[in-house]
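Novice: Here you go, this is protein22.txt (compact mmCIF, C-alpha atoms and all ligand atoms).
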```txt
# COMPACT_ATOMS: atom_id res chain seq x y z
CA MET B 13 -34.05 -37.48 31.97
CA THR B 14 -37.73 -38.13 31.31
CA GLY B 15 -39.62 -36.30 28.60
CA PRO B 16 -42.89 -34.38 28.83
CA VAL B 17 -45.94 -36.40 29.91
CA VAL B 18 -48.48 -33.94 28.51
CA GLY B 19 -48.49 -32.51 25.00
CA ILE B 20 -50.24 -29.18 24.54
CA VAL B 21 -50.93 -28.40 20.89
CA MET B 22 -52.75 -25.46 19.35
CA GLY B 23 -53.66 -24.49 15.83
CA SER B 24 -52.06 -21.04 15.75
CA ASP B 25 -49.83 -18.71 17.71
CA SER B 26 -52.98 -16.60 18.09
CA ASP B 27 -54.21 -19.35 20.48
CA LEU B 28 -51.16 -19.11 22.72
CA GLU B 29 -52.42 -16.53 25.21
CA VAL B 30 -55.52 -18.59 26.08
CA MET B 31 -53.84 -21.99 25.87
CA SER B 32 -51.00 -20.93 28.17
CA ALA B 33 -53.57 -21.29 30.97
CA ALA B 34 -53.38 -25.08 30.53
CA GLY B 35 -49.60 -25.03 30.88
CA ALA B 36 -49.85 -22.82 33.96
CA ILE B 37 -52.00 -25.44 35.73
CA LEU B 38 -49.56 -28.20 34.79
CA ASP B 39 -46.65 -26.06 36.06
CA LYS B 40 -48.47 -25.51 39.35
CA LEU B 41 -48.81 -29.28 39.73
CA ASP B 42 -45.23 -29.98 38.63
CA ILE B 43 -46.29 -31.93 35.53
CA SER B 44 -43.85 -31.86 32.62
CA HIS B 45 -45.29 -30.71 29.31
CA GLU B 46 -44.39 -29.69 25.79
CA THR B 47 -46.20 -26.95 23.87
CA ARG B 48 -46.47 -26.96 20.07
CA ILE B 49 -48.18 -24.96 17.33
CA LEU B 50 -49.58 -27.55 14.93
CA SER B 51 -52.61 -27.28 12.70
CA ALA B 52 -54.90 -30.02 11.40
CA HIS B 53 -55.37 -27.94 8.25
CA ARG B 54 -52.20 -25.89 7.76
CA THR B 55 -49.60 -28.45 8.92
CA PRO B 56 -51.45 -31.78 8.62
CA SER B 57 -48.35 -33.97 8.30
CA ALA B 58 -46.57 -32.43 11.29
CA ALA B 59 -49.75 -32.66 13.39
CA CYS B 60 -50.17 -36.31 12.43
CA ASP B 61 -46.51 -37.09 13.23
CA PHE B 62 -46.80 -35.43 16.64
CA ALA B 63 -49.88 -37.49 17.57
CA ALA B 64 -48.49 -40.73 16.16
CA ASN B 65 -45.22 -40.40 18.12
CA ALA B 66 -46.54 -38.89 21.36
CA ALA B 67 -47.06 -42.17 23.26
CA SER B 68 -43.67 -43.62 22.31
CA ARG B 69 -42.07 -40.35 23.47
CA GLY B 70 -43.57 -40.93 26.93
CA MET B 71 -46.60 -38.65 26.73
CA ARG B 72 -49.73 -39.81 28.51
CA VAL B 73 -52.27 -37.10 27.64
CA ILE B 74 -52.69 -34.68 24.74
CA ILE B 75 -54.42 -31.31 25.13
CA ALA B 76 -55.47 -29.73 21.82
CA GLY B 77 -56.88 -26.23 21.45
CA ALA B 78 -58.15 -24.70 18.22
CA GLY B 79 -60.66 -22.19 16.93
CA LEU B 80 -62.97 -21.91 13.89
CA ALA B 81 -63.42 -25.30 12.13
CA ALA B 82 -61.46 -26.88 14.96
CA HIS B 83 -60.32 -30.34 13.88
CA LEU B 84 -57.02 -30.47 15.76
CA ALA B 85 -58.24 -32.44 18.78
CA GLY B 86 -60.02 -34.91 16.51
CA ALA B 87 -56.90 -35.30 14.38
CA MET B 88 -54.87 -36.02 17.54
CA ALA B 89 -57.40 -38.67 18.62
CA ALA B 90 -57.39 -40.17 15.12
CA HIS B 91 -53.62 -40.67 15.16
CA SER B 92 -53.04 -41.65 18.80
CA LEU B 93 -54.62 -43.90 21.44
CA LEU B 94 -53.74 -41.43 24.22
CA PRO B 95 -56.60 -39.61 25.93
CA VAL B 96 -57.18 -36.31 24.09
CA ILE B 97 -58.70 -33.25 25.74
CA GLY B 98 -60.11 -30.72 23.29
CA VAL B 99 -60.32 -27.00 24.05
CA PRO B 100 -62.62 -25.08 21.70
CA LEU B 101 -61.39 -21.51 21.21
CA ALA B 102 -63.24 -18.32 20.31
CA ALA B 103 -61.42 -17.13 17.20
CA GLY B 104 -64.09 -15.71 14.91
CA PRO B 105 -67.57 -14.23 14.49
CA LEU B 106 -69.28 -17.26 16.08
CA SER B 107 -67.41 -16.73 19.38
CA GLY B 108 -66.26 -20.33 19.68
CA PHE B 109 -69.59 -22.05 18.99
CA ASP B 110 -68.11 -23.28 15.69
CA ALA B 111 -65.05 -24.70 17.47
CA LEU B 112 -67.21 -26.21 20.23
CA LEU B 113 -69.26 -28.23 17.76
CA SER B 114 -66.21 -29.17 15.67
CA THR B 115 -64.41 -30.43 18.77
CA VAL B 116 -67.21 -32.13 20.69
CA GLN B 117 -69.16 -33.81 17.89
CA MET B 118 -66.75 -36.65 17.27
CA PRO B 119 -67.91 -39.85 15.60
CA GLY B 120 -68.13 -42.96 17.80
CA GLY B 121 -64.81 -44.68 18.40
CA ILE B 122 -62.59 -41.58 18.24
CA PRO B 123 -63.20 -39.81 21.56
CA VAL B 124 -62.26 -36.25 22.45
CA ALA B 125 -62.97 -35.10 26.03
CA THR B 126 -64.18 -31.59 25.28
CA VAL B 127 -63.99 -28.84 27.88
CA ALA B 128 -65.48 -25.33 27.94
CA VAL B 129 -64.80 -22.69 25.29
CA GLY B 130 -61.83 -20.41 25.99
CA LYS B 131 -59.72 -19.81 29.08
CA ALA B 132 -61.89 -21.77 31.56
CA GLY B 133 -61.63 -24.70 29.18
CA ALA B 134 -57.86 -24.34 28.87
CA LYS B 135 -57.53 -24.32 32.66
CA ASN B 136 -59.81 -27.34 33.01
CA ALA B 137 -57.86 -29.17 30.33
CA GLY B 138 -54.85 -28.86 32.63
CA TRP B 139 -56.82 -29.99 35.66
CA LEU B 140 -58.38 -32.91 33.77
CA ALA B 141 -55.01 -34.04 32.43
CA ALA B 142 -53.74 -33.97 36.02
CA ARG B 143 -56.66 -36.10 37.22
CA ILE B 144 -55.97 -38.66 34.49
CA LEU B 145 -52.28 -38.80 35.43
CA ALA B 146 -53.12 -38.96 39.15
CA LEU B 147 -54.80 -42.34 38.62
CA GLY B 148 -51.31 -43.82 38.52
CA ASP B 149 -49.44 -41.31 40.68
CA GLU B 150 -50.26 -41.03 44.39
CA ASP B 151 -48.03 -38.01 44.92
CA LEU B 152 -49.80 -36.13 42.16
CA ALA B 153 -53.17 -37.16 43.60
CA ALA B 154 -52.07 -35.66 46.93
CA ARG B 155 -51.02 -32.41 45.21
CA LEU B 156 -54.38 -32.24 43.45
CA LEU B 157 -56.22 -32.70 46.73
CA ALA B 158 -54.11 -30.01 48.39
CA GLU B 159 -54.84 -27.59 45.52
CA ARG B 160 -58.57 -28.20 45.78
CA GLU B 161 -58.50 -27.65 49.52
CA ALA B 162 -56.50 -24.45 49.10
CA ASN B 163 -59.00 -23.25 46.50
CA GLU B 164 -61.89 -23.97 48.84
CA ALA B 165 -60.16 -22.15 51.70
CA SER B 166 -59.48 -19.15 49.47
CA VAL B 167 -63.13 -18.83 48.39
CA LEU B 168 -64.34 -19.20 51.99
CA GLU B 169 -61.87 -16.49 53.05
CA LYS B 170 -63.24 -14.13 50.38
CA ASP B 171 -66.75 -14.86 51.63
CA ARG B 172 -65.68 -14.16 55.22
CA LYS B 173 -64.11 -10.82 54.22
CA LEU B 174 -67.20 -9.83 52.25
CA ARG B 175 -69.47 -10.56 55.19
CA GLU B 176 -67.10 -8.67 57.53
CA ALA B 177 -67.26 -5.61 55.27
CA GLU B 178 -71.07 -5.55 55.22
C1 LIG V 201 -57.43 -22.13 13.95
O1 LIG V 201 -57.74 -20.96 13.31
C2 LIG V 201 -56.50 -21.76 15.05
O2 LIG V 201 -56.57 -22.68 16.09
C3 LIG V 201 -56.97 -20.39 15.46
O3 LIG V 201 -57.82 -20.44 16.59
C4 LIG V 201 -57.76 -19.91 14.26
C5 LIG V 201 -57.23 -18.64 13.64
O4 LIG V 201 -55.87 -18.80 13.34
P1 LIG V 201 -55.02 -17.57 12.82
O5 LIG V 201 -55.64 -17.12 11.52
O6 LIG V 201 -55.10 -16.50 13.89
O7 LIG V 201 -53.62 -18.09 12.65
O8 LIG V 201 -56.86 -23.05 13.10
```
Transcribe the structure of this file into structure tokens.
Specialist:
Amino acid sequence: MTGPVVGIVMGSDSDLEVMSAAGAILDKLDISHETRILSAHRTPSAACDFAANAASRGMRVIIAGAGLAAHLAGAMAAHSLLPVIGVPLAAGPLSGFDALLSTVQMPGGIPVATVAVGKAGAKNAGWLAARILALGDEDLAARLLAEREANEASVLEKDRKLREAE
């Protein structure tokens, strides 16, 4: 049995509702994943261990979501050579702007691919992880293409219905 190829980590259980959108995209594309609550600040050793062991456990991408002073994605990138996708979350009075800057403003050499704040970002983290994995997986690339075509058809259908109703 093969293990999860994507690790989804988040700083708190309060992030779970938004971050579950990343897992939903991976489920749709039949990509195995593991979800963990790990904090760069509250559980630094466990977060470090997860990142350090992810590649040897068979993971190929890490998605990390956190709010406030969001250092989780950076901590993942510091302790692993896997591609890390950071999802800034709106968890306080600054509505995610704090987490956006904390996640995106990484020093040179320790990259974090940062997506949008909140649920759109969580979804795109799933899609981006799939695109990375699809580089070495033709079947997954075909599933991604089919999903994009279905999405296009669905929007065009909504447009057609709207015009019909006018
Ligand atoms: C961050 O602090 C977490 O990622 C979360 O977004 C935020 C608030 O956490 P809780 O106080 O709700 O546990 O570390």
Novice: As an mmCIF file with C-alpha atoms, keeping the file's coordinate frame, please: every protein or nucleic acid residue near ligand LIG 201 (chain V) (cut-off 10 Å, counting all atoms listed in the file).
Specialist:
```cif
data_model
loop_
_atom_site.group_PDB
_atom_site.id
_atom_site.type_symbol
_atom_site.label_atom_id
_atom_site.label_comp_id
_atom_site.auth_asym_id
_atom_site.auth_seq_id
_atom_site.Cartn_x
_atom_site.Cartn_y
_atom_site.Cartn_z
ATOM 1 C CA VAL B 21 -50.930 -28.400 20.890
ATOM 2 C CA MET B 22 -52.750 -25.460 19.350
ATOM 3 C CA GLY B 23 -53.660 -24.490 15.830
ATOM 4 C CA SER B 24 -52.060 -21.040 15.750
ATOM 5 C CA ASP B 25 -49.830 -18.710 17.710
ATOM 6 C CA SER B 26 -52.980 -16.600 18.090
ATOM 7 C CA ASP B 27 -54.210 -19.350 20.480
ATOM 8 C CA LEU B 28 -51.160 -19.110 22.720
ATOM 9 C CA VAL B 30 -55.520 -18.590 26.080
ATOM 10 C CA ILE B 49 -48.180 -24.960 17.330
ATOM 11 C CA LEU B 50 -49.580 -27.550 14.930
ATOM 12 C CA SER B 51 -52.610 -27.280 12.700
ATOM 13 C CA ALA B 52 -54.900 -30.020 11.400
ATOM 14 C CA HIS B 53 -55.370 -27.940 8.250
ATOM 15 C CA ARG B 54 -52.200 -25.890 7.760
ATOM 16 C CA THR B 55 -49.600 -28.450 8.920
ATOM 17 C CA ALA B 76 -55.470 -29.730 21.820
ATOM 18 C CA GLY B 77 -56.880 -26.230 21.450
ATOM 19 C CA ALA B 78 -58.150 -24.700 18.220
ATOM 20 C CA GLY B 79 -60.660 -22.190 16.930
ATOM 21 C CA LEU B 80 -62.970 -21.910 13.890
ATOM 22 C CA ALA B 81 -63.420 -25.300 12.130
ATOM 23 C CA ALA B 82 -61.460 -26.880 14.960
ATOM 24 C CA HIS B 83 -60.320 -30.340 13.880
ATOM 25 C CA LEU B 84 -57.020 -30.470 15.760
ATOM 26 C CA VAL B 99 -60.320 -27.000 24.050
ATOM 27 C CA PRO B 100 -62.620 -25.080 21.700
ATOM 28 C CA LEU B 101 -61.390 -21.510 21.210
ATOM 29 C CA ALA B 102 -63.240 -18.320 20.310
ATOM 30 C CA ALA B 103 -61.420 -17.130 17.200
ATOM 31 C CA GLY B 104 -64.090 -15.710 14.910
ATOM 32 C CA GLY B 108 -66.260 -20.330 19.680
ATOM 33 C CA ALA B 111 -65.050 -24.700 17.470
#
```
Novice: Ranking B:Ala66, B:Ala146, B:Ile20, B:Ala154 by minimum distance to Gly98 in chain B and counting all atoms listed in the file, which one comes first?
Specialist: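 Result for the nearest residue to Gly98 in chain B: B:Ile20.
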Novice: Using all atoms listed in the file, which residues sit within 10 Å of Arg69 in chain B once same-chain residues fewer than 6 positions away are excluded, as a ChimeraX atom specification?
Specialist: /B:14-17,62
Novice: So, counting all atoms listed in the file, which residue among B:Leu38, B:Met71, B:Val124, B:Ala58 is closest to Ala90 in chain B?
Specialist: B:Val124
Novice: Here is a test: counting only C-alpha atoms, which residue of B:Leu145, B:Leu140, B:Ala67, B:Leu93 is nearest to Gly121 in chain B?
Specialist: B:Leu93
Novice: Would you mind reading off the distance between CA of Pro56 in chain B and CA of Val96 in chain B, one decimal, in Å?
Specialist: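 Taking CA of Pro56 in chain B as the start and CA of Val96 in chain B as the end point, the length is 17.1 Å.
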Novice: Of the candidates B:Arg175, B:His91, B:Lys131, B:Arg155, which one gets nearest to Ile43 in chain B if we count only C-alpha atoms?
Specialist: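 Closest to Ile43 in chain B, using only C-alpha atoms: B:Arg155.
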Novice: Report the distance between CA of Ala165 in chain B and CA of Asp151 in chain B in Å, rounded to one decimal place.
Specialist: 21.1 Å
Novice: Kindly indicate which residue among B:Ala34, B:Ala177, B:Leu157, B:Ala89 lies nearest to Gly120 in chain B, using only C-alpha atoms for the distances.
Specialist: B:Ala89
Novice: Ranking B:Leu147, B:Ala137, B:Val167, B:Cys60 by minimum distance to Ser32 in chain B and counting all atoms listed in the file, which one comes first?
Specialist: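 Checking each of B:Leu147, B:Ala137, B:Val167, B:Cys60 against Ser32 in chain B, counting all atoms listed in the file, the winner is B:Ala137.
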Novice: Could you tell me how far CA of Ala63 in chain B lies from CA of Ala87 in chain B, in Å and to one decimal?
Specialist: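 Computing the Euclidean distance for CA of Ala63 in chain B and CA of Ala87 in chain B yields 8.0 Å.
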Novice: Step by step, gather every atom of range 39-58 of chain B that the file lists, find the box along x, y and z that holds them, add 8 Å on each side, and finally give centre and edge lengths in Å to one decimal, as AutoDock Vina command-line options.
Specialist:
```
--center_x -49.6 --center_y -29.5 --center_z 23.7 --size_x 27.5 --size_y 25.0 --size_z 48.0
```
